[in-house]
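What follows is query.cif (mmCIF, C-alpha atoms and all ligand atoms).
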```cif
data_structure
loop_
_atom_site.label_atom_id
_atom_site.label_comp_id
_atom_site.auth_asym_id
_atom_site.auth_seq_id
_atom_site.Cartn_x
_atom_site.Cartn_y
_atom_site.Cartn_z
CA MET A 2 122.13 88.09 122.08
CA LYS A 3 121.41 91.65 123.11
CA VAL A 4 119.02 93.67 120.98
CA GLU A 5 118.33 97.37 121.24
CA LEU A 6 115.57 99.04 119.30
CA LYS A 7 112.63 101.36 119.72
CA VAL A 8 109.07 100.11 119.73
CA ASN A 9 106.26 102.65 119.57
CA GLY A 10 108.69 105.34 120.68
CA GLN A 11 110.00 103.45 123.70
CA ALA A 12 113.60 102.23 123.89
CA VAL A 13 113.71 98.46 124.35
CA THR A 14 116.72 96.36 125.30
CA ALA A 15 116.53 92.59 125.66
CA ASP A 16 118.55 89.41 125.62
CA VAL A 17 116.99 86.99 123.16
CA PRO A 18 117.96 83.83 121.29
CA PRO A 19 119.43 84.87 117.93
CA ASN A 20 116.68 83.08 116.02
CA THR A 21 113.89 85.13 117.62
CA LEU A 22 111.46 86.41 115.04
CA LEU A 23 110.36 90.01 115.26
CA VAL A 24 106.72 88.93 115.61
CA GLN A 25 107.63 86.64 118.52
CA PHE A 26 109.51 89.47 120.17
CA ILE A 27 106.60 91.86 119.71
CA ARG A 28 103.91 89.45 120.89
CA GLU A 29 105.65 87.27 123.45
CA HIS A 30 108.35 89.51 124.89
CA LEU A 31 106.61 92.89 124.69
CA ARG A 32 103.05 91.48 124.95
CA LEU A 33 101.86 93.70 122.10
CA THR A 34 99.36 91.23 120.76
CA GLY A 35 97.68 93.51 118.23
CA THR A 36 100.22 92.23 115.70
CA HIS A 37 98.78 88.91 114.54
CA VAL A 38 100.19 85.71 113.10
CA GLY A 39 98.08 84.33 110.28
CA CYS A 40 100.29 82.13 108.14
CA ASP A 41 103.83 82.33 109.55
CA THR A 42 105.11 82.08 105.98
CA ALA A 43 105.11 85.72 104.84
CA GLN A 44 101.96 85.39 102.77
CA CYS A 45 99.03 86.88 104.67
CA GLY A 46 100.25 90.23 106.05
CA ALA A 47 98.55 89.84 109.45
CA CYS A 48 101.93 90.44 111.09
CA THR A 49 102.71 93.69 109.27
CA VAL A 50 104.47 96.40 111.28
CA LEU A 51 106.44 99.49 110.32
CA ALA A 52 110.23 99.45 110.56
CA ASP A 53 111.65 102.94 110.20
CA GLY A 54 108.33 103.91 108.65
CA ARG A 55 108.12 101.16 106.03
CA SER A 56 105.84 98.15 106.24
CA ILE A 57 107.44 94.76 106.77
CA LYS A 58 106.20 91.30 107.63
CA SER A 59 107.42 90.59 111.12
CA CYS A 60 107.03 86.81 110.74
CA ASN A 61 109.97 86.55 108.38
CA THR A 62 112.22 89.10 110.05
CA LEU A 63 114.62 88.35 112.89
CA VAL A 64 114.60 90.86 115.70
CA ALA A 65 118.40 90.76 115.37
CA GLN A 66 117.99 92.39 111.95
CA MET A 67 116.22 95.31 113.60
CA GLN A 68 119.06 96.55 115.81
CA GLY A 69 118.60 100.29 116.21
CA ALA A 70 115.37 100.38 114.19
CA GLU A 71 112.17 102.19 115.10
CA ILE A 72 109.32 99.72 115.05
CA THR A 73 105.69 100.82 115.06
CA THR A 74 102.94 98.35 115.82
CA ILE A 75 99.18 98.85 115.68
CA GLU A 76 99.31 99.85 119.36
CA GLY A 77 101.51 102.80 118.41
CA VAL A 78 99.53 104.51 115.66
CA ALA A 79 96.78 106.29 117.60
CA ALA A 80 97.54 109.64 119.24
CA ALA A 81 98.55 109.70 122.89
CA ASP A 82 95.05 110.91 123.84
CA GLY A 83 93.50 107.89 122.14
CA THR A 84 92.40 109.66 118.95
CA LEU A 85 92.51 107.08 116.21
CA HIS A 86 94.91 107.47 113.31
CA PRO A 87 92.93 108.55 110.21
CA VAL A 88 93.48 105.10 108.70
CA GLN A 89 92.11 103.39 111.82
CA ALA A 90 89.16 105.79 111.87
CA ALA A 91 88.46 105.09 108.19
CA PHE A 92 88.45 101.31 108.71
CA LYS A 93 86.03 101.79 111.61
CA GLU A 94 83.73 104.17 109.74
CA GLN A 95 83.66 102.20 106.50
CA HIS A 96 83.27 98.81 108.23
CA GLY A 97 86.51 97.65 106.63
CA LEU A 98 86.58 94.54 108.77
CA GLN A 99 84.52 91.64 109.96
CA CYS A 100 86.45 89.35 112.33
CA GLY A 101 89.26 91.89 112.52
CA TYR A 102 92.09 89.38 112.34
CA CYS A 103 93.67 90.93 109.27
CA THR A 104 92.91 94.50 110.32
CA PRO A 105 96.07 95.52 112.18
CA GLY A 106 98.16 94.39 109.22
CA MET A 107 95.81 96.11 106.77
CA VAL A 108 96.05 99.35 108.73
CA MET A 109 99.86 99.23 108.91
CA SER A 110 100.17 98.46 105.20
CA THR A 111 97.72 101.24 104.35
CA ILE A 112 99.65 103.78 106.41
CA ASP A 113 102.76 102.90 104.42
CA LEU A 114 101.14 102.73 100.98
CA LEU A 115 99.47 106.13 101.39
CA LYS A 116 102.86 107.74 101.95
CA ASP A 117 104.00 106.85 98.45
CA HIS A 118 100.60 106.62 96.77
CA PRO A 119 98.31 109.20 98.39
CA LYS A 120 96.12 109.34 95.30
CA ALA A 121 96.14 105.66 94.38
CA SER A 122 93.17 104.57 92.30
CA GLU A 123 90.88 101.75 93.39
CA GLN A 124 92.78 99.33 91.16
CA GLU A 125 96.13 100.51 92.52
CA ILE A 126 94.88 100.15 96.10
CA ARG A 127 93.87 96.58 95.37
CA GLU A 128 97.29 95.84 93.89
CA LEU A 129 99.21 97.60 96.66
CA LEU A 130 97.35 95.60 99.32
CA GLU A 131 97.82 92.26 97.61
CA GLY A 132 100.28 91.15 100.31
CA ASN A 133 97.52 91.41 102.91
CA LEU A 134 94.87 88.71 102.82
CA CYS A 135 91.37 88.93 104.29
CA ARG A 136 89.16 85.91 104.44
CA CYS A 137 86.01 87.72 105.55
CA THR A 138 85.23 90.98 103.84
CA GLY A 139 85.59 90.42 100.12
CA TYR A 140 87.86 93.50 100.24
CA GLN A 141 85.21 95.99 99.05
CA ASN A 142 84.93 97.84 102.37
CA ILE A 143 88.67 97.64 102.90
CA VAL A 144 89.16 99.51 99.63
CA LYS A 145 86.46 101.99 100.67
CA ALA A 146 88.30 102.50 103.96
CA VAL A 147 91.56 103.22 102.19
CA GLN A 148 89.77 105.69 99.92
CA ALA A 149 88.18 107.36 102.95
CA ALA A 150 91.61 107.59 104.57
CA GLN A 151 92.93 109.20 101.39
CA GLN A 152 90.21 111.85 101.67
CA ALA A 153 90.77 112.36 105.38
CA MET A 154 94.51 112.76 104.85
CA GLY A 155 94.00 115.37 102.18
CA ALA A 156 94.62 113.55 98.92
FE1 LIG B 201 103.34 87.04 108.61
FE2 LIG B 201 101.22 85.81 107.55
S1 LIG B 201 101.89 85.81 109.62
S2 LIG B 201 102.62 87.16 106.59
FE1 LIG B 202 88.45 88.68 109.03
FE2 LIG B 202 89.86 90.22 107.37
S1 LIG B 202 88.18 90.79 108.62
S2 LIG B 202 90.28 88.18 107.98
#
```
Structure translated into structure tokens:
Amino acid sequence: MKVELKVNGQAVTADVPPNTLLVQFIREHLRLTGTHVGCDTAQCGACTVLADGRSIKSCNTLVAQMQGAEITTIEGVAAADGTLHPVQAAFKEQHGLQCGYCTPGMVMSTIDLLKDHPKASEQEIRELLEGNLCRCTGYQNIVKAVQAAQQAMGA
């Protein structure tokens, strides 16, 4: 089937099998491999992207469901000149990662959660990120990174 959508601001048209997952499309068709697959069962959040500005898990979404949508992946959040998004910069500065496998999904989820919850407390941040699992950090520096991003973004 033919799909038409935008990914990181670029119009994309492709013929794909109707059962193509969004994460497969992003990684295998578009070769945007910053979006990771951790569990493939919508539990870990490694595959999180933005669809029309809201975070979704791309491993349980068909690309066919995204006709006409604007998808943003981790490759699309920095400025055109390479300046990191404040959330990316905060994760870097606060060492909010170890192996980095969960990080793209954490960043995408954080960008979305800060839209609705710019002043979220530490406890709220922990609850809002519960759909994103990290097996390395113990979460403390991830929470610090989100708090630093809150500051940087003017909360
Ligand atoms: Fe999608 Fe884990 S790979 S939630
Ligand atoms: Fe390794 Fe989160 S930094 S899984």
Neighbourhood query: residues within 10 Å of (107.2, 93.0, 105.7), file coordinates, counting all atoms listed in the file; return as a ChimeraX atom specification.
-> /A:43-44,46-52,55-62,106,110,132
Any chance you could tabulate, as a Markdown table, the residues of chain A at most 10 Å from ligand LIG 202 (chain B) with each one's nearest atom pair and distance in Å to one decimal, using only C-alpha atoms and all ligand atoms, in chain and rising number order?
```
| residue | atom | partner | partner_atom | distance |
| --- | --- | --- | --- | --- |
| A:Gly39 | CA | B:LIG202 | S2 | 9.0 |
| A:Cys45 | CA | B:LIG202 | S2 | 9.4 |
| A:Ala47 | CA | B:LIG202 | S2 | 8.6 |
| A:His96 | CA | B:LIG202 | S1 | 9.4 |
| A:Gly97 | CA | B:LIG202 | S1 | 7.3 |
| A:Leu98 | CA | B:LIG202 | S1 | 4.1 |
| A:Gln99 | CA | B:LIG202 | S1 | 4.0 |
| A:Cys100 | CA | B:LIG202 | FE1 | 3.9 |
| A:Gly101 | CA | B:LIG202 | S1 | 4.2 |
| A:Tyr102 | CA | B:LIG202 | S2 | 4.9 |
| A:Cys103 | CA | B:LIG202 | FE2 | 4.3 |
| A:Thr104 | CA | B:LIG202 | FE2 | 6.0 |
| A:Pro105 | CA | B:LIG202 | FE2 | 9.5 |
| A:Gly106 | CA | B:LIG202 | FE2 | 9.5 |
| A:Met107 | CA | B:LIG202 | FE2 | 8.4 |
| A:Asn133 | CA | B:LIG202 | FE2 | 8.9 |
| A:Leu134 | CA | B:LIG202 | S2 | 6.9 |
| A:Cys135 | CA | B:LIG202 | FE2 | 3.7 |
| A:Arg136 | CA | B:LIG202 | S2 | 4.4 |
| A:Cys137 | CA | B:LIG202 | FE1 | 4.4 |
| A:Thr138 | CA | B:LIG202 | S1 | 5.6 |
| A:Gly139 | CA | B:LIG202 | FE2 | 8.4 |
| A:Tyr140 | CA | B:LIG202 | FE2 | 8.1 |
| A:Asn142 | CA | B:LIG202 | S1 | 10.0 |
| A:Ile143 | CA | B:LIG202 | FE2 | 8.7 |
```
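Going from atom CA of A:Thr42 over to atom CA of A:Gly54, you cover 22.2 Å.
Nearest to ligand LIG 201 (chain B) of all the residues A:Val38, A:Val8, A:Phe26, A:Pro18 is A:Val38, counting all atoms listed in the file.
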Between atom CA of A:Asn9 and atom CA of A:Ala79 lies a distance of 10.3 Å
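The spacing separating atom CA of A:Ala149 from atom CA of A:Ala90 amounts to 9.1 Å.
For the residues A:His118, A:Arg28, A:His37, A:Lys3, ranking by smallest atom-to-atom distance to ligand LIG 201 (chain B) using only C-alpha atoms and all ligand atoms places A:His37 first.
Distances to ligand LIG 201 (chain B) were evaluated for A:Cys40, A:Ile27, A:Met154, A:Ile112 using only C-alpha atoms and all ligand atoms, and the minimum falls at A:Cys40.
Comparing A:Leu33, A:Val24, A:Ala150, A:Val17 by their smallest distance to A:His86, the closest is A:Ala150 (using only C-alpha atoms).
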Would you list the residues near (96.4, 108.6, 99.7) (no more than 12 Å away, in the coordinates of the file, using all atoms listed in the file) as a tab-separated table (two decimals) with C-alpha atoms, keeping the file's coordinate frame?
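Now in result00.tsv:
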```
chain	number	residue	atom	x	y	z
A	87	PRO	CA	92.93	108.55	110.21
A	88	VAL	CA	93.48	105.10	108.70
A	111	THR	CA	97.72	101.24	104.35
A	112	ILE	CA	99.65	103.78	106.41
A	113	ASP	CA	102.76	102.90	104.42
A	114	LEU	CA	101.14	102.73	100.98
A	115	LEU	CA	99.47	106.13	101.39
A	116	LYS	CA	102.86	107.74	101.95
A	117	ASP	CA	104.00	106.85	98.45
A	118	HIS	CA	100.60	106.62	96.77
A	119	PRO	CA	98.31	109.20	98.39
A	120	LYS	CA	96.12	109.34	95.30
A	121	ALA	CA	96.14	105.66	94.38
A	122	SER	CA	93.17	104.57	92.30
A	123	GLU	CA	90.88	101.75	93.39
A	125	GLU	CA	96.13	100.51	92.52
A	126	ILE	CA	94.88	100.15	96.10
A	129	LEU	CA	99.21	97.60	96.66
A	144	VAL	CA	89.16	99.51	99.63
A	145	LYS	CA	86.46	101.99	100.67
A	146	ALA	CA	88.30	102.50	103.96
A	147	VAL	CA	91.56	103.22	102.19
A	148	GLN	CA	89.77	105.69	99.92
A	149	ALA	CA	88.18	107.36	102.95
A	150	ALA	CA	91.61	107.59	104.57
A	151	GLN	CA	92.93	109.20	101.39
A	152	GLN	CA	90.21	111.85	101.67
A	153	ALA	CA	90.77	112.36	105.38
A	154	MET	CA	94.51	112.76	104.85
A	155	GLY	CA	94.00	115.37	102.18
A	156	ALA	CA	94.62	113.55	98.92
```
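Among the candidate residues A:Asp82, A:Glu94, A:Glu76, A:Glu71, the one lying nearest to A:Gln11 is A:Glu71, with distances computed using all atoms listed in the file.
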Counting all atoms listed in the file, the residue among A:Ile72, A:Leu23, A:Val64, A:Val13 that lies closest to ligand LIG 201 (chain B) is A:Leu23
Which polymer residues have any atom within 6 Å of an atom of A:Leu6, counting only C-alpha atoms, with same-chain residues fewer than 6 positions away left out, as a count of residues only?
-> 5
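With all atoms listed in the file taken into account, the protein and nucleic acid residues at most 7 Å from A:Leu63 (excluding it and anything under 6 positions from it in its own chain) are A:Asn20, A:Thr21, A:Leu22, A:Leu23.
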